[in-house]
Structures are given as structure tokens and as C-alpha cells.
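Engineer: Got a structure here, written out as C-alpha cells. Questions coming.
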Amino acid sequence: MRKIVKRYMPMPLRNLLIGARQRLAPPPIDDVVLADYGFIADPSPVPRLTLLIPNLSPATAFGGVTTGLDIYFSLAAALRRQGRWDLRIVLTEPGRDTDAAIAAKAAGRHGFTADDITIELVPPSAASLALRGKDVVIAYNWWCALNARPLLEEQAQHFAQARLPLLYLIQEYEPNFYPFSTAHMLAREAYDGVGPLWGVFNSSNLHRWFEAVGHRAERSFVFEPVVNDALRPSLAAVADHPRARRIVVYGRPNIDRNCFGALVRGLDAWIDHDPDHAGWEIVSAGTPHAPVQLAKGHTIRSLGKLTLDDYATLMLTSSVGISLMASPHPSYPPLEMAHFGLRTVTNGYFAKDLGAWHPNIVSTGAISAIPLGRAIAEACAKAREPVVAATNSNFVRADPYPFLPDLVAAVSALVRD
């Protein structure tokens with residue numbers, strides 16, 4: 001119906017609607033998040049670790065934010081064992097949903113209290129931000145990195161010292177969030193044009209991609225994804241747990257890189273071509289969405305965002321998982337699904353091939369309907385076999401950040417020198 005209306009709509013009315021849509025469209029992200037902070041010199045000689053992060057709120061306190069806070073406080077705890085360090089978290093886009101308790105909770109896991117942390121709310125409209133001569137700055141994302149650049153230059157000039165490197169938590173290839181646009185180019189500039197850059201990379205495959213597309217960090221600190229501590233105890237039950245004839249998909253229709261449309265078409269192709277489709281329940285875990293009707297009466301039923309306990313229970317009682325990701329990062333859901341014994345379908349990207357990473361993973365090089373449907377059929381057929389309770393030693397390792405001693409030594413040398 002929408003196509004018919006567009007085809008036969010009079011041109012003046014169509015232009016009027018297009019103009020109205022453009023006027024109502026939000027401004028480009030770079031118009032909103034980039035800031036021009038003035039520099040204030042803080043004369044304190046005490047070294048300080050400053051994290052620039054957009055916000056801390058219940059809606060964002062998972063995934064990359066959780067990992068970012070954990071790395072920050074892991075580094076802070078190690079530095080504190082060597083001498084005095086002050087800790088500061090700067091929220092560059094605070095709002096009514098800002099919840100400083102999220103930082104306090106993360107700090108508590110590393111032996112800090114809320115009194116050990118200074119939290120500053122410094123939106124893009126703020127006039128200035130203070131830096132000490134021994135302020136080591138960590139950026140959470142590309143615009144935090146770009147906003148820090150002039151401050152670090154002023155810091156070096158005011159304190160008559162060498163320009164300190166910017167530490168950057170690189171957990172995705174952010175330019176690809178904004179294809180062929182101003183924001184895309186600025187996100188690339190955050191890797192190449194902010195002065196000395198020390199990158200902390202979430203996965204070796206992301207680091208390989210970073211370098212393959214032409215970027216170079218002065219120093220790179222790389223770690224592989226590791227299982228969430230809250231999920232770890234449930235892995236002991238994988239081998240013997242009863243399984244339902246259930247497919248779990250990582251469903252985030254609003255996140256383009258999770259390829260929800262391809263996932264739906266692949267399920268339809270599987271249903272149309274695999275006589276064994278009957279009797280399978282299909283549920284979606286990720287973000288809440290309306291039920292999705294599939295071929296021959298099947299439905300994807302959304303469970304929304306689950307607690308970790310509920311997520312573990314779902315994994316232990318299901319047989320097949322599907323998680324797609326248009327990114328060089330391996331993504332956590334397929335790694336978790338495979339470790340919980342699900343025959344897991346995911347896709348390759350660049351040098352990423354998770355099929356070699358775990359025996360429960362079926363990795364497909366194509367996500368068009370027919371090859372994806374075949375991969376789903378293969379996973380469902382394998383689900384008739386005994387559960388494979390294998391672990392990848394890297395994913396279940398006890399030390400989540402093996403690079404930390406090198407980073408601690410390097411940061412300590414910065415303020416000592």
C-alpha cells in the first residue's frame with residue numbers, strides 16, 4: 001500500500017511531505033555531540049585518571065558501557081596500588097535519566113566507594129573543563145575523543161610538557177555506524193587526528209580490521225571477549241540440561257548491524273525448505289519488539305531484554321541460536337550461545353570466522369535467505385545430537401584483561417616522566 005501511495009501521489013503533495021519530513025528530522029549527530037570546551041588549568045600535582053563518557057543511565061548500563069567502566073576501574077585499582085591517583089568520570093551528555101549510582105556500583109566491584117570518584121556533568125554546551133598536568137584522559141567513543149583533542153593540546157602547552165596520549169576504548173569500528181557522511185569522516189578522524197593514541201581494543205579481529213582500513217595507534221592493548229561472571233556458574237549445567245525444541249534469535253530490529261531483516265528471511269527460507277520445521281518454537285532476546293509472523297504459521301515471539309539469570313535459563317533450555325552481526329567484532333551473543341550448548345548460526349565478516357572458534361558454531365559467509373536458511377537447517381539437524389559442552393579457553397579465562405600490566409606500566413611512566 002505504501003508503494004502504491006508513493007507511486008500515484010501528486011508531485012506537489014509528495015514534495016510537501018518530503019519537506020515536512022526533512023524539517024522534522026533530528027539534526028545530524030555531529031551537530032549535537034561535538035563540543036568546544038575551554039581549557040582550565042588545575043594546579044594539583046596529584047595524578048588523575050579521567051574517563052569521558054556520554055552518560056550513565058539504566059538504559060545504557062550494559063554491553064560496552066559496562067565493559068568500559070570495568071576497564072576504567074581495573075586500571076584505576078592497579079594504579080592506586082602503586083601510589084596516589086584521583087578518579088574522575090565526566091559525563092558529556094547528562095540527562096534526566098543520569099544515574100551516578102551505576103558508576104558507584106561498578107567502582108564497588110573493585111574496592112572503591114562513591115567517595116573515591118568525582119563525577120562531573122559537562123554537556124556540549126558547557127564552557128570549559130579543567131585538566132591537571134598529570135591528567136590521563138580515557139575516551140569512550142569518537143566524539144569524546146575529538147572533544148578531548150584541544151584540551152590535551154592546551155594541557156601540553158600550559159604545563160610545558162610533552163603531549164600526553166589519549167587512551168581510547170575501541171569496542172567497535174564506529175565510523176561504520178554512519179556510512180559515507182560527515183559523522184563517518186569525523187569518527188575516522190578520531191582514530192587518526194587526535195595526537196598520540198593508545199587504543200584498548202575489544203578483540204583481536206577488531207584490531208586487525210582497524211589496521212587493515214588504514215589506522216595506526218601509537219600503542220595497542222588488545223583483549224578477547226570473556227564470559228560474563230554472572231553467566232559463568234551456569235556453564236556447569238550445559239551437558240545434562242533438558243532442551244526444548246526452541247530457537248533463540250538475538251533480535252534487535254532497531255540496530256542495523258544485527259541484520260534483523262536478513263534473520264527473518266533466513267528463517268522463512270528454512271521453514272519453506274526444511275520438512276523438520278514443525279514443532280520448533282522461535283523466541284527473540286535482545287530488545288522488545290512486536291511479534292513477527294513467519295511462513296507456515298510460525299512466529300518470532302519477543303522476550304525483550306532479559307536479566308542475566310533469565311538469559312542463562314533460556315540458554316540452558318534451548319537447542320539452537322541465531323545471532324548476526326555486520327561488524328568485525330565477534331559479538332558476545334553467539335559466543336555465549338555456543339558455550340551454553342546451542343547449535344549457533346552466525347555470519348563471518350572480514351577475517352572473522354567463529355566456526356573455527358567453537359564446535360557449536362555454524363558460520364555462514366552469506367546472509368541472503370537461501371544460504372542462511374541452509375545454515376539454520378544444519379544447526380537444527382545437529383541439535384538432534386547430544387549437546388556439545390565444549391569451552392574455548394580464551395572465552396572462559398579468569399583474567400579478563402591480560403593487557404593490564406603493560407597498560408599500568410605505560411600510564412605510570414607517563415606521570416613519572
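Chain lettering (A, B, ...) mirrors the order of the C-alpha cells, residue numbering begins at 1 for each chain separately, and ligand numbering begins at 1 in order of display.
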Give one line per residue of segment 257-285 of chain A that approaches segment 330-349 of chain A to at most 10 Å, naming the two atoms of the closest pair and their distance in Å to one decimal, counting only C-alpha atoms; sort by chain then ascending residue number and deliver it as JSON lines.
Structural biologist:
```
{"residue": "A:Asn258", "atom": "CA", "partner": "A:Ser331", "partner_atom": "CA", "distance": 9.8}
{"residue": "A:Leu263", "atom": "CA", "partner": "A:Thr346", "partner_atom": "CA", "distance": 9.9}
{"residue": "A:Ala285", "atom": "CA", "partner": "A:Pro333", "partner_atom": "CA", "distance": 9.8}
```
Engineer: Output as an NGL selection string all residues of segment 100-237 of chain A that backbone DSSP marks as strand (DSSP E or B).
Structural biologist: :A and (117-121 or 128-132 or 135-139 or 166-170 or 197-202 or 219-223)
Engineer: Would you output that residue set with N, CA, C and O atoms, as a compact mmCIF listing (two decimals), in the first residue's frame?
Structural biologist:
```
# COMPACT_ATOMS: atom_id res chain seq x y z
N ILE A 117 35.34 8.72 43.86
CA ILE A 117 35.15 9.13 42.48
C ILE A 117 34.52 10.52 42.44
O ILE A 117 33.56 10.80 43.17
N THR A 118 35.03 11.36 41.59
CA THR A 118 34.38 12.63 41.27
C THR A 118 33.63 12.46 39.96
O THR A 118 34.21 12.01 38.97
N ILE A 119 32.35 12.80 39.95
CA ILE A 119 31.56 12.74 38.72
C ILE A 119 31.16 14.16 38.35
O ILE A 119 30.56 14.88 39.14
N GLU A 120 31.53 14.56 37.14
CA GLU A 120 31.22 15.90 36.64
C GLU A 120 30.27 15.81 35.46
O GLU A 120 30.45 14.96 34.58
N LEU A 121 29.28 16.66 35.43
CA LEU A 121 28.33 16.73 34.32
C LEU A 121 28.75 17.90 33.44
O LEU A 121 28.64 19.07 33.84
N SER A 128 33.73 25.04 29.79
CA SER A 128 35.12 24.65 29.99
C SER A 128 35.22 23.34 30.76
O SER A 128 34.24 22.84 31.33
N LEU A 129 36.44 22.80 30.76
CA LEU A 129 36.76 21.59 31.50
C LEU A 129 38.19 21.73 32.02
O LEU A 129 39.08 22.16 31.29
N ALA A 130 38.39 21.37 33.26
CA ALA A 130 39.71 21.52 33.88
C ALA A 130 40.54 20.26 33.70
O ALA A 130 40.03 19.13 33.78
N LEU A 131 41.84 20.46 33.45
CA LEU A 131 42.80 19.36 33.39
C LEU A 131 44.01 19.71 34.23
O LEU A 131 44.45 20.87 34.27
N ARG A 132 44.55 18.69 34.87
CA ARG A 132 45.82 18.82 35.58
C ARG A 132 46.96 18.49 34.61
O ARG A 132 46.74 17.92 33.55
N ASP A 135 46.82 14.70 34.27
CA ASP A 135 45.51 14.12 33.95
C ASP A 135 45.68 13.19 32.76
O ASP A 135 46.07 13.63 31.67
N VAL A 136 45.42 11.92 32.94
CA VAL A 136 45.43 10.96 31.85
C VAL A 136 43.98 10.72 31.44
O VAL A 136 43.16 10.29 32.25
N VAL A 137 43.67 11.01 30.18
CA VAL A 137 42.29 11.03 29.71
C VAL A 137 41.98 9.76 28.91
O VAL A 137 42.76 9.36 28.04
N ILE A 138 40.83 9.17 29.23
CA ILE A 138 40.32 8.00 28.51
C ILE A 138 39.03 8.41 27.82
O ILE A 138 38.12 8.95 28.45
N ALA A 139 38.93 8.16 26.51
CA ALA A 139 37.72 8.46 25.75
C ALA A 139 36.92 7.19 25.51
O ALA A 139 37.48 6.16 25.14
N LEU A 166 46.12 10.06 24.24
CA LEU A 166 44.72 9.83 24.59
C LEU A 166 44.50 8.32 24.61
O LEU A 166 44.82 7.62 23.65
N LEU A 167 43.95 7.82 25.71
CA LEU A 167 43.55 6.42 25.78
C LEU A 167 42.13 6.31 25.23
O LEU A 167 41.26 7.12 25.57
N TYR A 168 41.90 5.34 24.37
CA TYR A 168 40.62 5.24 23.66
C TYR A 168 40.13 3.81 23.79
O TYR A 168 40.80 2.86 23.38
N LEU A 169 38.93 3.63 24.35
CA LEU A 169 38.32 2.31 24.47
C LEU A 169 37.62 2.00 23.15
O LEU A 169 36.51 2.48 22.89
N ILE A 170 38.24 1.20 22.31
CA ILE A 170 37.72 0.91 20.97
C ILE A 170 37.02 -0.44 21.01
O ILE A 170 37.67 -1.49 20.97
N LEU A 197 47.77 8.24 20.16
CA LEU A 197 46.59 7.46 20.52
C LEU A 197 47.02 6.09 21.04
O LEU A 197 47.78 5.38 20.38
N TRP A 198 46.53 5.75 22.22
CA TRP A 198 46.69 4.40 22.76
C TRP A 198 45.32 3.74 22.73
O TRP A 198 44.39 4.15 23.43
N GLY A 199 45.18 2.72 21.90
CA GLY A 199 43.89 2.06 21.75
C GLY A 199 43.78 0.82 22.60
O GLY A 199 44.71 -0.01 22.63
N VAL A 200 42.66 0.68 23.30
CA VAL A 200 42.32 -0.54 24.03
C VAL A 200 41.24 -1.23 23.21
O VAL A 200 40.10 -0.76 23.13
N PHE A 201 41.60 -2.35 22.55
CA PHE A 201 40.74 -2.97 21.54
C PHE A 201 40.03 -4.20 22.09
O PHE A 201 40.66 -5.13 22.60
N ASN A 202 38.72 -4.19 21.92
CA ASN A 202 37.89 -5.32 22.34
C ASN A 202 37.85 -6.33 21.20
O ASN A 202 36.97 -6.31 20.35
N ARG A 219 50.14 2.93 20.45
CA ARG A 219 50.24 1.68 21.20
C ARG A 219 48.88 1.01 21.19
O ARG A 219 47.84 1.67 21.24
N SER A 220 48.88 -0.32 21.12
CA SER A 220 47.64 -1.08 21.09
C SER A 220 47.62 -2.08 22.24
O SER A 220 48.62 -2.80 22.46
N PHE A 221 46.51 -2.14 22.94
CA PHE A 221 46.30 -3.08 24.03
C PHE A 221 45.03 -3.86 23.68
O PHE A 221 43.95 -3.28 23.58
N VAL A 222 45.18 -5.17 23.45
CA VAL A 222 44.11 -5.96 22.87
C VAL A 222 43.66 -7.04 23.85
O VAL A 222 44.50 -7.69 24.50
N PHE A 223 42.35 -7.24 23.95
CA PHE A 223 41.82 -8.35 24.75
C PHE A 223 40.69 -9.01 24.00
O PHE A 223 40.01 -8.38 23.18
```
Engineer: Between atom CA of Tyr178 of chain A and atom CA of Cys144 of chain A, what distance in Å does the model show, to one decimal?
Structural biologist: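 Interatomic distance, atom CA of Tyr178 of chain A to atom CA of Cys144 of chain A: 16.3 Å.
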Engineer: Write out as a CSV table (one decimal) with N, CA, C and O atoms, in the first residue's frame the residues lying within 12 Å of Asp31 of chain A, counting only C-alpha atoms and excluding same-chain residues fewer than 2 positions away.
Structural biologist:
```csv
chain,number,residue,atom,x,y,z
A,26,PRO,N,15.7,14.9,13.0
A,26,PRO,CA,16.7,15.4,14.0
A,26,PRO,C,17.9,15.9,13.4
A,26,PRO,O,18.3,15.5,12.2
A,27,PRO,N,18.7,16.8,14.0
A,27,PRO,CA,19.9,17.3,13.4
A,27,PRO,C,20.9,16.2,13.4
A,27,PRO,O,20.9,15.2,14.1
A,28,PRO,N,21.9,16.3,12.5
A,28,PRO,CA,23.0,15.3,12.4
A,28,PRO,C,23.7,15.2,13.8
A,28,PRO,O,23.8,16.1,14.5
A,29,ILE,N,24.1,14.0,14.1
A,29,ILE,CA,24.7,13.7,15.4
A,29,ILE,C,25.9,14.6,15.7
A,29,ILE,O,26.1,15.0,16.8
A,33,VAL,N,26.7,16.5,19.4
A,33,VAL,CA,27.7,16.0,20.4
A,33,VAL,C,29.0,16.6,20.4
A,33,VAL,O,29.8,16.5,21.4
A,34,LEU,N,29.4,17.3,19.4
A,34,LEU,CA,30.7,17.9,19.4
A,34,LEU,C,30.7,19.2,20.2
A,34,LEU,O,29.7,20.0,20.2
A,35,ALA,N,31.8,19.4,21.0
A,35,ALA,CA,31.9,20.5,22.0
A,35,ALA,C,33.2,21.3,21.7
A,35,ALA,O,34.1,20.7,21.2
A,36,ASP,N,33.1,22.5,22.2
A,36,ASP,CA,34.3,23.4,22.1
A,36,ASP,C,34.6,23.9,23.5
A,36,ASP,O,34.4,25.0,23.9
A,124,PRO,N,27.8,19.3,26.1
A,124,PRO,CA,28.5,20.1,25.0
A,124,PRO,C,28.3,21.6,25.1
A,124,PRO,O,29.2,22.3,24.6
A,125,SER,N,27.3,22.1,25.8
A,125,SER,CA,27.1,23.5,26.0
A,125,SER,C,27.9,24.1,27.1
A,125,SER,O,28.0,25.3,27.2
A,143,TRP,N,33.3,10.9,19.6
A,143,TRP,CA,33.2,12.4,19.9
A,143,TRP,C,33.8,12.8,21.2
A,143,TRP,O,34.3,13.9,21.3
A,182,THR,N,29.3,13.1,7.1
A,182,THR,CA,30.2,13.9,8.0
A,182,THR,C,30.6,13.1,9.2
A,182,THR,O,31.8,13.1,9.6
A,183,ALA,N,29.6,12.5,9.9
A,183,ALA,CA,29.9,11.7,11.1
A,183,ALA,C,30.9,10.6,10.8
A,183,ALA,O,31.7,10.3,11.7
A,186,LEU,N,34.3,12.1,10.6
A,186,LEU,CA,34.8,12.6,12.0
A,186,LEU,C,35.1,11.4,12.8
A,186,LEU,O,36.1,11.5,13.6
```
Engineer: Might you pull out every residue within 8 Å of Ala375 of chain A, with only C-alpha atoms counted and same-chain residues fewer than 4 positions away left off, and present them as a PyMOL selection string?
Structural biologist: chain A and resi 345+362-364+371+379
Engineer: I need the chosen residues saved as a tab-separated table (two decimals), in the first residue's frame, with all heavy atoms.
Structural biologist:
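again_22.tsv, freshly written:
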```
chain	number	residue	atom	x	y	z
A	345	VAL	N	24.06	-20.29	14.81
A	345	VAL	CA	24.29	-19.77	13.46
A	345	VAL	C	24.71	-18.31	13.58
A	345	VAL	O	24.02	-17.50	14.22
A	345	VAL	CB	23.02	-19.87	12.60
A	345	VAL	CG1	23.25	-19.25	11.22
A	345	VAL	CG2	22.58	-21.32	12.47
A	362	VAL	N	27.93	-22.62	13.62
A	362	VAL	CA	27.83	-22.73	12.18
A	362	VAL	C	28.00	-21.32	11.62
A	362	VAL	O	27.14	-20.45	11.83
A	362	VAL	CB	26.46	-23.31	11.75
A	362	VAL	CG1	26.36	-23.35	10.23
A	362	VAL	CG2	26.25	-24.70	12.34
A	363	SER	N	29.10	-21.07	10.95
A	363	SER	CA	29.38	-19.73	10.43
A	363	SER	C	29.12	-19.70	8.93
A	363	SER	O	29.64	-20.54	8.18
A	363	SER	CB	30.83	-19.33	10.72
A	363	SER	OG	31.10	-18.03	10.25
A	364	THR	N	28.30	-18.75	8.50
A	364	THR	CA	27.97	-18.64	7.08
A	364	THR	C	28.60	-17.38	6.51
A	364	THR	O	28.63	-16.33	7.16
A	364	THR	CB	26.44	-18.61	6.87
A	364	THR	OG1	26.16	-18.38	5.49
A	364	THR	CG2	25.78	-17.52	7.69
A	371	PRO	N	21.13	-19.29	1.61
A	371	PRO	CA	22.26	-19.83	2.39
A	371	PRO	C	22.05	-19.70	3.89
A	371	PRO	O	22.48	-20.59	4.64
A	371	PRO	CB	23.45	-19.00	1.92
A	371	PRO	CG	22.88	-17.81	1.24
A	371	PRO	CD	21.57	-18.21	0.70
A	379	ALA	N	21.98	-26.32	11.66
A	379	ALA	CA	22.02	-26.22	13.12
A	379	ALA	C	20.90	-27.02	13.76
A	379	ALA	O	21.10	-27.70	14.78
A	379	ALA	CB	21.93	-24.75	13.53
```
Engineer: Which one of A:Ile40, A:Leu354, A:Ile271, A:Leu87 sits closest to Ile370 of chain A if you count only C-alpha atoms?
Structural biologist: A:Ile271
Engineer: One decimal, Å: what's the distance from atom CA of Val90 of chain A over to atom CA of His329 of chain A, could you say?
Structural biologist: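 Interatomic distance here is 26.7 Å.
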Engineer: Please list as an NGL selection string every residue within 8 Å of Val388 of chain A, counting only C-alpha atoms and excluding residues in the same chain fewer than 2 positions away.
Structural biologist: :A and (239 or 341 or 359-360 or 386 or 390)
Engineer: I need the residues in segment 176-236 of chain A that are helix (DSSP H, G or I) according to DSSP; give them as a PyMOL selection string.
Structural biologist: chain A and resi 176-177+182-192+204-212+232-236
Engineer: Work out how far atom CA of Ser319 of chain A is from atom CA of Ala383 of chain A, in Å to one decimal.
Structural biologist: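 Answer for the atom CA of Ala383 of chain A to atom CA of Ser319 of chain A separation: 5.9 Å.
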Engineer: Give me the residues near His184 of chain A as a PDB file with all heavy atoms, in the first residue's frame, where near means some atom within 10 Å (using only C-alpha atoms) and where sequence neighbours in that chain fewer than 4 positions away do not count.
Structural biologist:
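The resulting file, selection17.pdb, is reproduced below:
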```pdb
ATOM      1  N   ASP A  30      26.672  14.914  14.652  1.00  0.00           N
ATOM      2  CA  ASP A  30      27.857  15.733  14.891  1.00  0.00           C
ATOM      3  C   ASP A  30      27.484  17.156  15.301  1.00  0.00           C
ATOM      4  O   ASP A  30      28.268  17.832  15.974  1.00  0.00           O
ATOM      5  CB  ASP A  30      28.763  15.748  13.666  1.00  0.00           C
ATOM      6  CG  ASP A  30      27.996  15.844  12.366  1.00  0.00           C
ATOM      7  OD1 ASP A  30      27.367  14.829  12.001  1.00  0.00           O
ATOM      8  OD2 ASP A  30      28.001  16.922  11.733  1.00  0.00           O
ATOM      9  N   TRP A 142      33.995   8.183  19.769  1.00  0.00           N
ATOM     10  CA  TRP A 142      34.688   9.072  18.832  1.00  0.00           C
ATOM     11  C   TRP A 142      34.508  10.540  19.169  1.00  0.00           C
ATOM     12  O   TRP A 142      35.442  11.322  19.037  1.00  0.00           O
ATOM     13  CB  TRP A 142      34.272   8.774  17.399  1.00  0.00           C
ATOM     14  CG  TRP A 142      32.834   9.063  17.034  1.00  0.00           C
ATOM     15  CD1 TRP A 142      31.788   8.198  17.096  1.00  0.00           C
ATOM     16  CD2 TRP A 142      32.303  10.290  16.514  1.00  0.00           C
ATOM     17  NE1 TRP A 142      30.635   8.799  16.666  1.00  0.00           N
ATOM     18  CE2 TRP A 142      30.920  10.092  16.290  1.00  0.00           C
ATOM     19  CE3 TRP A 142      32.853  11.537  16.214  1.00  0.00           C
ATOM     20  CZ2 TRP A 142      30.081  11.072  15.790  1.00  0.00           C
ATOM     21  CZ3 TRP A 142      32.018  12.537  15.711  1.00  0.00           C
ATOM     22  CH2 TRP A 142      30.652  12.305  15.504  1.00  0.00           C
ATOM     23  N   GLU A 174      33.507   2.402  14.927  1.00  0.00           N
ATOM     24  CA  GLU A 174      32.422   3.378  14.987  1.00  0.00           C
ATOM     25  C   GLU A 174      32.133   4.098  13.674  1.00  0.00           C
ATOM     26  O   GLU A 174      30.960   4.452  13.419  1.00  0.00           O
ATOM     27  CB  GLU A 174      32.710   4.399  16.087  1.00  0.00           C
ATOM     28  CG  GLU A 174      32.728   3.784  17.481  1.00  0.00           C
ATOM     29  CD  GLU A 174      33.189   4.794  18.530  1.00  0.00           C
ATOM     30  OE1 GLU A 174      32.349   5.613  18.945  1.00  0.00           O
ATOM     31  OE2 GLU A 174      34.382   4.765  18.889  1.00  0.00           O
ATOM     32  N   PRO A 175      33.111   4.362  12.794  1.00  0.00           N
ATOM     33  CA  PRO A 175      32.755   5.031  11.528  1.00  0.00           C
ATOM     34  C   PRO A 175      31.669   4.315  10.746  1.00  0.00           C
ATOM     35  O   PRO A 175      30.878   4.950  10.040  1.00  0.00           O
ATOM     36  CB  PRO A 175      34.083   5.063  10.767  1.00  0.00           C
ATOM     37  CG  PRO A 175      35.123   5.099  11.840  1.00  0.00           C
ATOM     38  CD  PRO A 175      34.578   4.224  12.929  1.00  0.00           C
ATOM     39  N   ASN A 176      31.596   2.990  10.873  1.00  0.00           N
ATOM     40  CA  ASN A 176      30.587   2.249  10.115  1.00  0.00           C
ATOM     41  C   ASN A 176      29.177   2.422  10.655  1.00  0.00           C
ATOM     42  O   ASN A 176      28.214   1.939  10.054  1.00  0.00           O
ATOM     43  CB  ASN A 176      30.954   0.765  10.056  1.00  0.00           C
ATOM     44  CG  ASN A 176      32.013   0.487   9.011  1.00  0.00           C
ATOM     45  OD1 ASN A 176      32.463   1.396   8.313  1.00  0.00           O
ATOM     46  ND2 ASN A 176      32.432  -0.759   8.893  1.00  0.00           N
ATOM     47  N   PHE A 177      29.015   3.093  11.781  1.00  0.00           N
ATOM     48  CA  PHE A 177      27.675   3.429  12.243  1.00  0.00           C
ATOM     49  C   PHE A 177      27.061   4.540  11.391  1.00  0.00           C
ATOM     50  O   PHE A 177      25.852   4.739  11.414  1.00  0.00           O
ATOM     51  CB  PHE A 177      27.700   3.906  13.695  1.00  0.00           C
ATOM     52  CG  PHE A 177      28.081   2.857  14.701  1.00  0.00           C
ATOM     53  CD1 PHE A 177      28.415   3.207  15.993  1.00  0.00           C
ATOM     54  CD2 PHE A 177      28.105   1.514  14.363  1.00  0.00           C
ATOM     55  CE1 PHE A 177      28.772   2.248  16.930  1.00  0.00           C
ATOM     56  CE2 PHE A 177      28.464   0.551  15.288  1.00  0.00           C
ATOM     57  CZ  PHE A 177      28.792   0.908  16.577  1.00  0.00           C
ATOM     58  N   TYR A 178      27.892   5.274  10.661  1.00  0.00           N
ATOM     59  CA  TYR A 178      27.451   6.453   9.916  1.00  0.00           C
ATOM     60  C   TYR A 178      28.011   6.383   8.496  1.00  0.00           C
ATOM     61  O   TYR A 178      28.993   7.044   8.173  1.00  0.00           O
ATOM     62  CB  TYR A 178      27.942   7.738  10.599  1.00  0.00           C
ATOM     63  CG  TYR A 178      27.855   7.691  12.099  1.00  0.00           C
ATOM     64  CD1 TYR A 178      28.976   7.369  12.870  1.00  0.00           C
ATOM     65  CD2 TYR A 178      26.658   7.947  12.751  1.00  0.00           C
ATOM     66  CE1 TYR A 178      28.902   7.308  14.244  1.00  0.00           C
ATOM     67  CE2 TYR A 178      26.581   7.883  14.133  1.00  0.00           C
ATOM     68  CZ  TYR A 178      27.703   7.563  14.872  1.00  0.00           C
ATOM     69  OH  TYR A 178      27.632   7.501  16.241  1.00  0.00           O
ATOM     70  N   PRO A 179      27.412   5.586   7.622  1.00  0.00           N
ATOM     71  CA  PRO A 179      28.020   5.353   6.301  1.00  0.00           C
ATOM     72  C   PRO A 179      28.081   6.616   5.456  1.00  0.00           C
ATOM     73  O   PRO A 179      27.088   7.331   5.299  1.00  0.00           O
ATOM     74  CB  PRO A 179      27.103   4.294   5.687  1.00  0.00           C
ATOM     75  CG  PRO A 179      25.807   4.407   6.433  1.00  0.00           C
ATOM     76  CD  PRO A 179      26.176   4.833   7.807  1.00  0.00           C
ATOM     77  N   PHE A 180      29.282   6.887   4.923  1.00  0.00           N
ATOM     78  CA  PHE A 180      29.509   7.953   3.943  1.00  0.00           C
ATOM     79  C   PHE A 180      28.820   9.255   4.334  1.00  0.00           C
ATOM     80  O   PHE A 180      27.877   9.714   3.678  1.00  0.00           O
ATOM     81  CB  PHE A 180      29.059   7.504   2.551  1.00  0.00           C
ATOM     82  CG  PHE A 180      29.842   6.336   2.032  1.00  0.00           C
ATOM     83  CD1 PHE A 180      29.233   5.345   1.287  1.00  0.00           C
ATOM     84  CD2 PHE A 180      31.201   6.212   2.300  1.00  0.00           C
ATOM     85  CE1 PHE A 180      29.959   4.257   0.805  1.00  0.00           C
ATOM     86  CE2 PHE A 180      31.936   5.140   1.818  1.00  0.00           C
ATOM     87  CZ  PHE A 180      31.314   4.169   1.073  1.00  0.00           C
ATOM     88  N   ARG A 188      36.330   8.573  11.826  1.00  0.00           N
ATOM     89  CA  ARG A 188      37.657   8.143  11.365  1.00  0.00           C
ATOM     90  C   ARG A 188      38.735   9.092  11.885  1.00  0.00           C
ATOM     91  O   ARG A 188      39.822   8.659  12.275  1.00  0.00           O
ATOM     92  CB  ARG A 188      37.696   8.092   9.836  1.00  0.00           C
ATOM     93  CG  ARG A 188      36.983   6.904   9.228  1.00  0.00           C
ATOM     94  CD  ARG A 188      37.180   6.855   7.713  1.00  0.00           C
ATOM     95  NE  ARG A 188      38.593   6.757   7.359  1.00  0.00           N
ATOM     96  CZ  ARG A 188      39.258   5.603   7.187  1.00  0.00           C
ATOM     97  NH1 ARG A 188      38.631   4.449   7.356  1.00  0.00           N
ATOM     98  NH2 ARG A 188      40.526   5.616   6.859  1.00  0.00           N
ATOM     99  N   GLU A 189      38.434  10.390  11.879  1.00  0.00           N
ATOM    100  CA  GLU A 189      39.396  11.375  12.362  1.00  0.00           C
ATOM    101  C   GLU A 189      39.740  11.154  13.826  1.00  0.00           C
ATOM    102  O   GLU A 189      40.861  11.437  14.267  1.00  0.00           O
ATOM    103  CB  GLU A 189      38.837  12.781  12.151  1.00  0.00           C
ATOM    104  CG  GLU A 189      39.821  13.895  12.465  1.00  0.00           C
ATOM    105  CD  GLU A 189      39.240  15.267  12.168  1.00  0.00           C
ATOM    106  OE1 GLU A 189      38.348  15.353  11.291  1.00  0.00           O
ATOM    107  OE2 GLU A 189      39.672  16.241  12.803  1.00  0.00           O
TER     108      GLU A 189
END
```
